[in-house]
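Here the structure is laid out as structure tokens; the discussion comes afterwards.
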Amino acid sequence: MNTANLLEIKNRINAAALRAGRDPSDIELIAVSKYKPAEDILEAYNAGQRHFGENHVQELVSKIELLPGDIKWHMIGNLQKNKVKYIADKVCMIHSVGSVSLAEQIQKEAEKKNCDVDILLEVNVAGEESKSGFSAEEVYDAAMQIAKLSRVHIKGLMTVAPFVNDPEENRPVFKKLHDISVDIERKKVDNISMRELSMGMSGDFEVAVEEGATFVRVGTAIFGERDYSKK
Ligand SMILES: *Cc1c(COP(=O)(O)O)cnc(C)c1O
């Protein structure tokens with residue numbers, strides 16, 4: 001972890017926002033700390049960072065226990081239904097809801113815990129085989145079904161764009177997620193907000209900001225390469 005990296009990313013987000021005529025304060029940086037030790041998170045925290053993203057339930061839960069209570073945790077990874085119970089009342093938002101049945105499971109746990117859960121619908125915009133999420137075609141109907149769940153609140157959309165060498169290649173993906181959110185917003189359905197767009201990672205977050213991201217999820221560019229051999 002390097003505080004200078006964090007500040008540089010923030011400056012680049014601000015510059016991208018201004019280029020696009022947006023207010024930089026409308027974009028929240030989520031520091032993706034998966035595979036990184038608690039000390040790295042604390043260092044970023046001490047530099048003022050409050051939003052962190054994790055993609056494994058167990059790792060997320062143990063970090064929540066160790067770290068300051070005012071951190072806003074974002075679940076950004078594939079979430080198994082049997083693990084919803086461990087995080088439903090502990091996270092700021094679940095970004096990776098890619099099925100109606102997962103949303104129903106979140107509702108069940110939220111009822112038990114008497115809490116409300118904010119979620120994003122994950123859309124596999126590029127239609128990649130390896131990625132989870134709703135297809136662009138099915139997300140609208142899914143949103144209508146999930147909107148009926150009293151304790152689950154749709155706040156917007158999320159996508160994991162393809163891995164590309166030139167970030168410009170992902171501009172159409174980000175544009176499309178934005179277009180889908182505008183279409184859904186237009187229907188003015190109770191319990192659906194399309195305020196948030198979670199898109200953009202280390203390699204392409206500036207393009208995502210130019211295309212309307214409100215959350216960018218940046219790991220490597222802040223914390224350095226991940227070591228997948230240890231955890
Ligand atoms: C790991 C991860 C990120 C961060 O990726 P970097 O390329 O390290 O910035 C963002 N979003 C999701 C869903 C991830 O799993």
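Chain identifiers are assigned as A, B, and so on, following the order in which chains appear in the structure tokens; residues are numbered from 1 within each chain, and ligands are numbered from 1 in order of appearance.
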Next on the checklist: Run DSSP on the backbone and tell me which residues of region 109-228 of chain A come out as helix (DSSP H, G or I); list them as number ranges by chain.
Outcome noted: A: 109-113, 139-146, 167-186, 205-210, 220-223
Checklist entry - Could you list, as a ChimeraX atom specification, all the residues within 8 Å of ligand 1, counting only C-alpha atoms and all ligand atoms? => result /A:32,34,53-55,76-77,96,159-160,199-203,216-222,224-226
Residue neighbourhood Ser99 (chain A), 9 Å, only C-alpha atoms, exclusion window fewer than 4 positions, as a compact mmCIF listing (two decimals) with C-alpha atoms, in the first residue's frame:
# COMPACT_ATOMS: atom_id res chain seq x y z
CA ALA A 103 -31.94 -11.26 -4.06
CA GLU A 104 -34.64 -13.46 -2.47
CA LEU A 121 -27.69 -5.52 -10.11
CA GLU A 122 -24.66 -6.95 -11.86
CA GLY A 133 -24.56 -11.28 -13.85
CA PHE A 134 -27.76 -10.62 -15.74
CA ALA A 142 -35.29 -9.10 -12.93
If you take only C-alpha atoms and a cut-off of 10 Å, which residues of region 125-146 of chain A touch region 165-187 of chain A, and what are their nearest atom pairs and distances in Å to one decimal, in chain and number order, as a Markdown table?
| residue | atom | partner | partner_atom | distance |
| --- | --- | --- | --- | --- |
| A:Val125 | CA | A:Val173 | CA | 6.2 |
| A:Ala126 | CA | A:Val173 | CA | 6.5 |
| A:Ala136 | CA | A:Ile180 | CA | 7.5 |
| A:Glu137 | CA | A:Ile180 | CA | 9.4 |
| A:Val139 | CA | A:Ile180 | CA | 8.7 |
| A:Tyr140 | CA | A:Ile184 | CA | 6.6 |
| A:Asp141 | CA | A:Ile184 | CA | 9.8 |
| A:Ala143 | CA | A:Ile184 | CA | 8.3 |
| A:Met144 | CA | A:Ile184 | CA | 9.3 |
Item to check | Within 12 Å of Asn14 (chain A) using only C-alpha atoms, minus same-chain residues under 6 positions, as a ChimeraX atom specification | outcome: /A:7-8,20-29,205-206,209-210,214,216
Item to check | Pick from A:Gly212, A:Pro162, A:Gly156, A:Gly98, whichever lies nearest to Arg195 (chain A) using only C-alpha atoms | outcome: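 Smallest distance to Arg195 (chain A) is found for A:Gly156.
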Checklist entry - Could you pull out all residues of region 10-230 of chain A with a DSSP call of strand (DSSP E or B) and give them as number ranges by chain? => result A: 28-32, 51-54, 72-75, 93-97, 117-123, 134, 152-158, 192-198, 215-218
Item to check | Counting only C-alpha atoms, the residue of A:Phe223, A:Phe52, A:Tyr35, A:Tyr86 that sits nearest Trp73 (chain A) | outcome: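 Closest to Trp73 (chain A) of all the choices is A:Phe52.
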Next on the checklist: Which residues are near Lys90 (chain A)? Cut-off 10 Å, only C-alpha atoms, ignore same chain within fewer than 3 positions. Put them as a list in words.
Outcome noted: Leu60, Val61, Ile64, Lys72, Trp73, His74, Met75, Lys85, Tyr86, Ile87, Met93, Cys115 and Val117 of chain A
Next on the checklist: Give me, as a list in words, all polymer residues having an atom no more than 7 Å from Leu120 (chain A), counting only C-alpha atoms and skipping those fewer than 3 positions away in the same chain.
Outcome noted: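 Listing them by chain and then by number gives Ile94, His95, Ser96, Val97, Ile154, Lys155, Gly156, Leu157 and Met158 of chain A.
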Write a file of the just-selected residues containing N, CA, C and O atoms, as a PDB file, in the first residue's frame.
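Resulting contents of result.pdb:
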ATOM      1  N   ILE A  94     -24.189  -4.505  -1.549  1.00  0.00           N
ATOM      2  CA  ILE A  94     -23.776  -5.714  -2.272  1.00  0.00           C
ATOM      3  C   ILE A  94     -23.864  -5.387  -3.766  1.00  0.00           C
ATOM      4  O   ILE A  94     -24.951  -5.125  -4.283  1.00  0.00           O
ATOM      5  N   HIS A  95     -22.712  -5.375  -4.428  1.00  0.00           N
ATOM      6  CA  HIS A  95     -22.664  -4.941  -5.840  1.00  0.00           C
ATOM      7  C   HIS A  95     -22.981  -6.058  -6.826  1.00  0.00           C
ATOM      8  O   HIS A  95     -23.171  -5.798  -8.003  1.00  0.00           O
ATOM      9  N   SER A  96     -22.912  -7.284  -6.339  1.00  0.00           N
ATOM     10  CA  SER A  96     -22.829  -8.410  -7.264  1.00  0.00           C
ATOM     11  C   SER A  96     -24.071  -9.296  -7.227  1.00  0.00           C
ATOM     12  O   SER A  96     -23.970 -10.505  -7.112  1.00  0.00           O
ATOM     13  N   VAL A  97     -25.242  -8.683  -7.336  1.00  0.00           N
ATOM     14  CA  VAL A  97     -26.471  -9.473  -7.358  1.00  0.00           C
ATOM     15  C   VAL A  97     -26.822  -9.762  -8.826  1.00  0.00           C
ATOM     16  O   VAL A  97     -27.204  -8.871  -9.575  1.00  0.00           O
ATOM     17  N   ILE A 154     -32.785  -1.760  -4.634  1.00  0.00           N
ATOM     18  CA  ILE A 154     -31.924  -1.609  -5.803  1.00  0.00           C
ATOM     19  C   ILE A 154     -31.484  -0.148  -5.916  1.00  0.00           C
ATOM     20  O   ILE A 154     -32.317   0.749  -6.013  1.00  0.00           O
ATOM     21  N   LYS A 155     -30.178   0.043  -5.904  1.00  0.00           N
ATOM     22  CA  LYS A 155     -29.637   1.410  -5.972  1.00  0.00           C
ATOM     23  C   LYS A 155     -28.968   1.718  -7.305  1.00  0.00           C
ATOM     24  O   LYS A 155     -28.482   2.833  -7.514  1.00  0.00           O
ATOM     25  N   GLY A 156     -28.858   0.704  -8.172  1.00  0.00           N
ATOM     26  CA  GLY A 156     -28.224   0.959  -9.458  1.00  0.00           C
ATOM     27  C   GLY A 156     -27.669  -0.318 -10.061  1.00  0.00           C
ATOM     28  O   GLY A 156     -28.111  -1.420  -9.716  1.00  0.00           O
ATOM     29  N   LEU A 157     -26.705  -0.150 -10.950  1.00  0.00           N
ATOM     30  CA  LEU A 157     -26.146  -1.273 -11.699  1.00  0.00           C
ATOM     31  C   LEU A 157     -24.635  -1.349 -11.528  1.00  0.00           C
ATOM     32  O   LEU A 157     -23.977  -0.354 -11.210  1.00  0.00           O
ATOM     33  N   MET A 158     -24.115  -2.547 -11.752  1.00  0.00           N
ATOM     34  CA  MET A 158     -22.680  -2.765 -11.663  1.00  0.00           C
ATOM     35  C   MET A 158     -22.250  -3.644 -12.837  1.00  0.00           C
ATOM     36  O   MET A 158     -23.020  -4.491 -13.298  1.00  0.00           O
TER      37      MET A 158
END
